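Asker: Mind looking over this structure? Questions follow.
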Amino acid sequence: MLRTTSLFLVLMAVWLLLSGHYTVLITSFGVASCLFSALIAYRMDVIDRESHPLHLWPRVIVYWGWLLVEIYKANIDVAKCVLFPKKYLRPSLFETKASQKTDLGKVIYANSITLTPGTVTVDLDGDVILVHALTKGGADGIKTGDMDQRVTRLMEES
Amino acid sequence: MVYAITAIAILVSIAMALGRAILGPTSYDRILSVNAIGTKTVLLIGVIGFLTGRPDFLDLALVYALMNFIGTLAVLKYFKFGTLRGGLSRSSDKSS
Amino acid sequence: MMEIGLDIATWILLMAGGLLLLITGFGLLRLPDLYTRIHAGGMADTLATFLIFVGLALQSGFSLVTVKLLLVIVFVFFTSPTSSYALAQASFVAGLKPKLGEDDAPQEEPGATERE
């Protein structure tokens, strides 16, 4: 029930921010449609820990901030690699282990790897992730397991 | 002024991606460049909205980002399975 | 004073974003095989989008337009890894082998790969 309420609040916030029309009639239509959507989602039983991960909420902000800095660094790396390929281009394909227990954690980890340019998740099977890296630095960054540790810490206490 | 320069940079970049779409040896290269062109179009819509002083264009950018994502996934799924029926995951691989 | 500072910040952010986009396009043409080109495409999806839309958000003041710009950033950040993963996985399943190793410096010129 808590998750349904929060889904309704999120839908309502998005509706209010995107609409820009605040007459009584239009706003009541918006409230009605958001309620209807939340009700359908509740009856379909699609709101659970995976689809609406409320328990991650305060910690995920810190993780996003850290990820943004990583994305910045990785972009500089890839830009250098494009401009001077002879010096930096060392493509490699290697396997790494994901230490998260839940599927949601693994997906967050794999998507974080893909989101930082220079490393792309090619395959995710069980807890083995196949990664394609563009430069040696990017490959070493994944192999140290720093990002893996952070995602595990993000997921664990919940 | 700055908007015009950025828009020109985005257009040149789109032209380069289009070059990859024409050259690309495999069809996956072409899908990649279609996806890149879509992302750059989202940026272009945003910048042109500010260039002409009508930021309402951002709604179009939002919808275009959605369509780009869905379109890429649909084309890839069609390439991988030969049909649009069924799921994308590996477990549905056996049934198809 | 405030206005001038914001304008300068917008100039810097938009120019950096445009430069990054040009590098992306260059990388799409120059890098040797599909998997390396995915990395170049990912550069446009992440930092270039972030820089350009934050630069625009500085100009719009506090309004619904700012919120829409941030929503577009969040949306692109959530969807772009999914589509690049789907692309890499589909081409890997289809049997495309990535070029690996030390010394495959890209030799191809645009126009040299006519394999229609």
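Identifiers for the structure tokens are assigned positionally: chains receive A, B, ... in sequence, residues are indexed from 1 per chain, and ligands are indexed from 1 in the order shown.
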For the contact check between chain C and chain B, emit one row per residue of chain C within 9 Å, containing the shortest atom pair and the distance in Å rounded to one decimal, counting only C-alpha atoms, chain then rising number order, as CSV.
Answerer:
residue,atom,partner,partner_atom,distance
C:Thr10,CA,B:Val2,CA,8.4
C:Trp11,CA,B:Val2,CA,6.3
C:Leu14,CA,B:Thr6,CA,6.4
C:Met15,CA,B:Thr6,CA,6.7
C:Gly17,CA,B:Thr6,CA,8.0
C:Gly18,CA,B:Ala9,CA,5.4
C:Leu19,CA,B:Ala9,CA,7.4
C:Leu21,CA,B:Ser13,CA,6.1
C:Leu22,CA,B:Ser13,CA,5.2
C:Ile23,CA,B:Ser13,CA,8.2
C:Thr24,CA,B:Ser13,CA,7.3
C:Gly25,CA,B:Ser13,CA,4.8
C:Phe26,CA,B:Met16,CA,6.7
C:Leu28,CA,B:Ala17,CA,6.4
C:Leu29,CA,B:Arg20,CA,5.7
C:Asp33,CA,B:Asp29,CA,8.8
C:Leu34,CA,B:Asp29,CA,6.1
C:Arg37,CA,B:Asp29,CA,8.1
C:Ile38,CA,B:Leu32,CA,7.0
C:Gly41,CA,B:Ala36,CA,5.9
C:Gly42,CA,B:Ala36,CA,8.3
C:Ala44,CA,B:Ala36,CA,7.4
C:Asp45,CA,B:Thr39,CA,6.5
C:Ala48,CA,B:Leu43,CA,9.0
C:Thr49,CA,B:Leu43,CA,6.8
C:Ile52,CA,B:Leu43,CA,7.5
C:Phe53,CA,B:Leu43,CA,7.7
C:Leu56,CA,B:Val47,CA,7.6
C:Gln59,CA,B:Phe50,CA,8.9
C:Ser60,CA,B:Pro55,CA,8.6
C:Val65,CA,B:Pro55,CA,6.7
C:Lys68,CA,B:Leu58,CA,6.7
C:Leu69,CA,B:Leu58,CA,7.1
C:Leu71,CA,B:Leu62,CA,7.9
C:Val72,CA,B:Leu62,CA,5.7
C:Phe75,CA,B:Ala65,CA,7.6
C:Val76,CA,B:Ala65,CA,6.9
C:Thr79,CA,B:Phe69,CA,6.6
C:Ser80,CA,B:Phe69,CA,7.5
C:Thr82,CA,B:Phe69,CA,8.6
C:Ser83,CA,B:Leu73,CA,6.4
C:Ser84,CA,B:Leu32,CA,8.1
C:Ala86,CA,B:Leu73,CA,7.1
C:Leu87,CA,B:Leu76,CA,6.7
C:Ala88,CA,B:Tyr28,CA,8.8
C:Ala90,CA,B:Lys80,CA,6.1
C:Ser91,CA,B:Tyr28,CA,6.7
C:Val93,CA,B:Lys80,CA,8.1
C:Ala94,CA,B:Lys80,CA,7.5
C:Pro110,CA,B:Leu23,CA,7.5
C:Gly111,CA,B:Leu23,CA,7.1
C:Ala112,CA,B:Leu23,CA,8.8
C:Thr113,CA,B:Leu23,CA,6.6
C:Glu114,CA,B:Leu23,CA,7.0
C:Arg115,CA,B:Pro25,CA,6.5
C:Glu116,CA,B:Pro25,CA,7.8
Asker: Hey, list the chain A side of the contact with chain B: 10 Å cut-off, only C-alpha atoms, answer as a VMD selection string.
Answerer: chain A and resid 18 to 19 125
Asker: Would you save the residues from that selection as a PDB file, in the first residue's frame, using N, CA and C atoms?
Answerer:
ATOM      1  N   LEU A  18       4.702  18.458 -15.912  1.00  0.00           N
ATOM      2  CA  LEU A  18       4.697  18.466 -17.376  1.00  0.00           C
ATOM      3  C   LEU A  18       3.514  19.209 -17.953  1.00  0.00           C
ATOM      4  N   SER A  19       2.417  19.361 -17.175  1.00  0.00           N
ATOM      5  CA  SER A  19       1.220  19.914 -17.820  1.00  0.00           C
ATOM      6  C   SER A  19       1.301  21.424 -17.986  1.00  0.00           C
ATOM      7  N   ASP A 125      25.065 -13.397 -17.422  1.00  0.00           N
ATOM      8  CA  ASP A 125      24.555 -14.757 -17.269  1.00  0.00           C
ATOM      9  C   ASP A 125      24.840 -15.213 -15.846  1.00  0.00           C
TER      10      ASP A 125
END
Asker: Given a cut-off of 6 Å, which residues of chain C touch chain A, counting only C-alpha atoms, written out as a list in words?
Answerer: Gly27, His39, Gly42, Met43, Pro81, Ala88, Gln89, Leu100, Glu102 and Ala105 of chain C
Asker: Just the selected residues (all heavy atoms), exported as a tab-separated table (two decimals), in the first residue's frame, please.
Answerer:
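Contents of out.tsv, as written:
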chain	number	residue	atom	x	y	z
C	27	GLY	N	34.56	9.78	-33.82
C	27	GLY	CA	34.81	8.42	-33.35
C	27	GLY	C	33.96	7.40	-34.06
C	27	GLY	O	34.42	6.31	-34.39
C	39	HIS	N	31.15	2.47	-27.81
C	39	HIS	CA	31.68	3.37	-26.78
C	39	HIS	C	31.58	4.82	-27.23
C	39	HIS	O	31.22	5.70	-26.44
C	39	HIS	CB	33.14	3.03	-26.50
C	39	HIS	CG	33.35	1.65	-26.00
C	39	HIS	ND1	32.79	1.22	-24.83
C	39	HIS	CD2	34.03	0.61	-26.49
C	39	HIS	CE1	33.14	-0.04	-24.64
C	39	HIS	NE2	33.89	-0.44	-25.64
C	42	GLY	N	28.13	5.98	-26.89
C	42	GLY	CA	27.76	6.20	-25.49
C	42	GLY	C	28.23	7.55	-24.97
C	42	GLY	O	27.62	8.11	-24.06
C	43	MET	N	29.29	8.07	-25.55
C	43	MET	CA	29.77	9.38	-25.12
C	43	MET	C	28.74	10.47	-25.40
C	43	MET	O	28.52	11.36	-24.57
C	43	MET	CB	31.06	9.68	-25.86
C	43	MET	CG	32.01	10.54	-25.13
C	43	MET	SD	33.65	10.36	-25.78
C	43	MET	CE	33.45	10.70	-27.49
C	81	PRO	N	21.80	3.12	-21.48
C	81	PRO	CA	22.53	1.86	-21.27
C	81	PRO	C	21.73	0.65	-21.71
C	81	PRO	O	22.31	-0.31	-22.21
C	81	PRO	CB	22.79	1.83	-19.76
C	81	PRO	CG	21.87	2.77	-19.19
C	81	PRO	CD	21.64	3.82	-20.20
C	88	ALA	N	24.78	-4.43	-28.11
C	88	ALA	CA	26.00	-5.25	-27.96
C	88	ALA	C	25.63	-6.72	-27.84
C	88	ALA	O	26.27	-7.58	-28.46
C	88	ALA	CB	26.78	-4.79	-26.73
C	89	GLN	N	24.58	-7.01	-27.08
C	89	GLN	CA	24.20	-8.40	-26.88
C	89	GLN	C	23.69	-9.03	-28.16
C	89	GLN	O	24.05	-10.16	-28.50
C	89	GLN	CB	23.14	-8.47	-25.79
C	89	GLN	CG	23.37	-9.57	-24.79
C	89	GLN	CD	22.44	-10.70	-25.00
C	89	GLN	OE1	21.39	-10.50	-25.60
C	89	GLN	NE2	22.79	-11.87	-24.54
C	100	LEU	N	40.34	-7.60	-31.01
C	100	LEU	CA	41.04	-7.40	-29.74
C	100	LEU	C	42.51	-7.18	-30.01
C	100	LEU	O	42.99	-7.23	-31.13
C	100	LEU	CB	40.88	-8.63	-28.84
C	100	LEU	CG	39.45	-9.01	-28.51
C	100	LEU	CD1	39.43	-10.28	-27.69
C	100	LEU	CD2	38.77	-7.90	-27.75
C	102	GLU	N	46.64	-5.64	-29.33
C	102	GLU	CA	47.45	-4.46	-29.13
C	102	GLU	C	47.48	-3.57	-30.36
C	102	GLU	O	47.21	-2.39	-30.29
C	102	GLU	CB	48.88	-4.88	-28.79
C	102	GLU	CG	48.99	-5.77	-27.58
C	102	GLU	CD	48.60	-5.05	-26.31
C	102	GLU	OE1	49.35	-4.16	-25.91
C	102	GLU	OE2	47.54	-5.36	-25.73
C	105	ALA	N	45.77	-0.72	-35.12
C	105	ALA	CA	45.53	0.71	-35.30
C	105	ALA	C	44.62	0.89	-36.51
C	105	ALA	O	44.79	0.21	-37.52
C	105	ALA	CB	46.84	1.44	-35.53
Asker: Just the number, please: distance in Å from CA of Met44 (chain A) to CA of Tyr78 (chain B), one decimal.
Answerer: 27.8 Å
Asker: When DSSP works through the backbone of this structure, what residues of chain A end up as strand (DSSP E or B), shown as a PyMOL selection string?
Answerer: chain A and resi 92-97+119-125+128-133
Asker: Grab the residues selected above and save them as a PDB file, in the first residue's frame with C-alpha atoms.
Answerer:
ATOM      1  CA  SER A  92      39.673  -6.152 -24.583  1.00  0.00           C
ATOM      2  CA  LEU A  93      36.921  -8.583 -23.645  1.00  0.00           C
ATOM      3  CA  PHE A  94      36.918 -10.092 -20.158  1.00  0.00           C
ATOM      4  CA  GLU A  95      34.625 -11.639 -17.593  1.00  0.00           C
ATOM      5  CA  THR A  96      33.979 -10.240 -14.154  1.00  0.00           C
ATOM      6  CA  LYS A  97      31.853 -11.379 -11.240  1.00  0.00           C
ATOM      7  CA  THR A 119      33.069  -0.193 -20.890  1.00  0.00           C
ATOM      8  CA  VAL A 120      30.001  -1.995 -22.231  1.00  0.00           C
ATOM      9  CA  THR A 121      28.246  -5.022 -20.772  1.00  0.00           C
ATOM     10  CA  VAL A 122      27.978  -7.564 -23.561  1.00  0.00           C
ATOM     11  CA  ASP A 123      26.380 -10.432 -21.646  1.00  0.00           C
ATOM     12  CA  LEU A 124      24.953 -11.102 -18.183  1.00  0.00           C
ATOM     13  CA  ASP A 125      24.555 -14.757 -17.269  1.00  0.00           C
ATOM     14  CA  VAL A 128      29.140 -13.550 -14.579  1.00  0.00           C
ATOM     15  CA  ILE A 129      29.279 -10.302 -16.555  1.00  0.00           C
ATOM     16  CA  LEU A 130      31.059 -10.177 -19.905  1.00  0.00           C
ATOM     17  CA  VAL A 131      32.539  -6.720 -20.392  1.00  0.00           C
ATOM     18  CA  HIS A 132      34.036  -5.113 -23.482  1.00  0.00           C
ATOM     19  CA  ALA A 133      36.468  -2.331 -22.609  1.00  0.00           C
TER      20      ALA A 133
END
Asker: Just how far from CA of Tyr109 (chain A) is CA of Met147 (chain A), in Å to one decimal?
Answerer: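 CA of Met147 (chain A) sits 7.5 Å away from CA of Tyr109 (chain A).
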Asker: Interatomic distance between CA of Ser99 (chain A) and CA of Asp148 (chain A)?
Answerer: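 Taking CA of Ser99 (chain A) and CA of Asp148 (chain A), their separation equals 6.9 Å.
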Asker: Write out as a list in words which residues come within 10 Å of Arg3 (chain A) when counting only C-alpha atoms, dropping same-chain ones fewer than 3 positions away.
Answerer: Ser6, Leu7, Phe8, Leu9, Ala38, Tyr42, Ile47, Asp48, Arg49, Ser51, His52, Pro53, Leu54 and His55 of chain A
Asker: Would you return as an NGL selection string the members of chain C that DSSP assigns to alpha helix (DSSP H) on this structure's backbone?
Answerer: :C and (2-30 or 34-43 or 49-60 or 64-93)
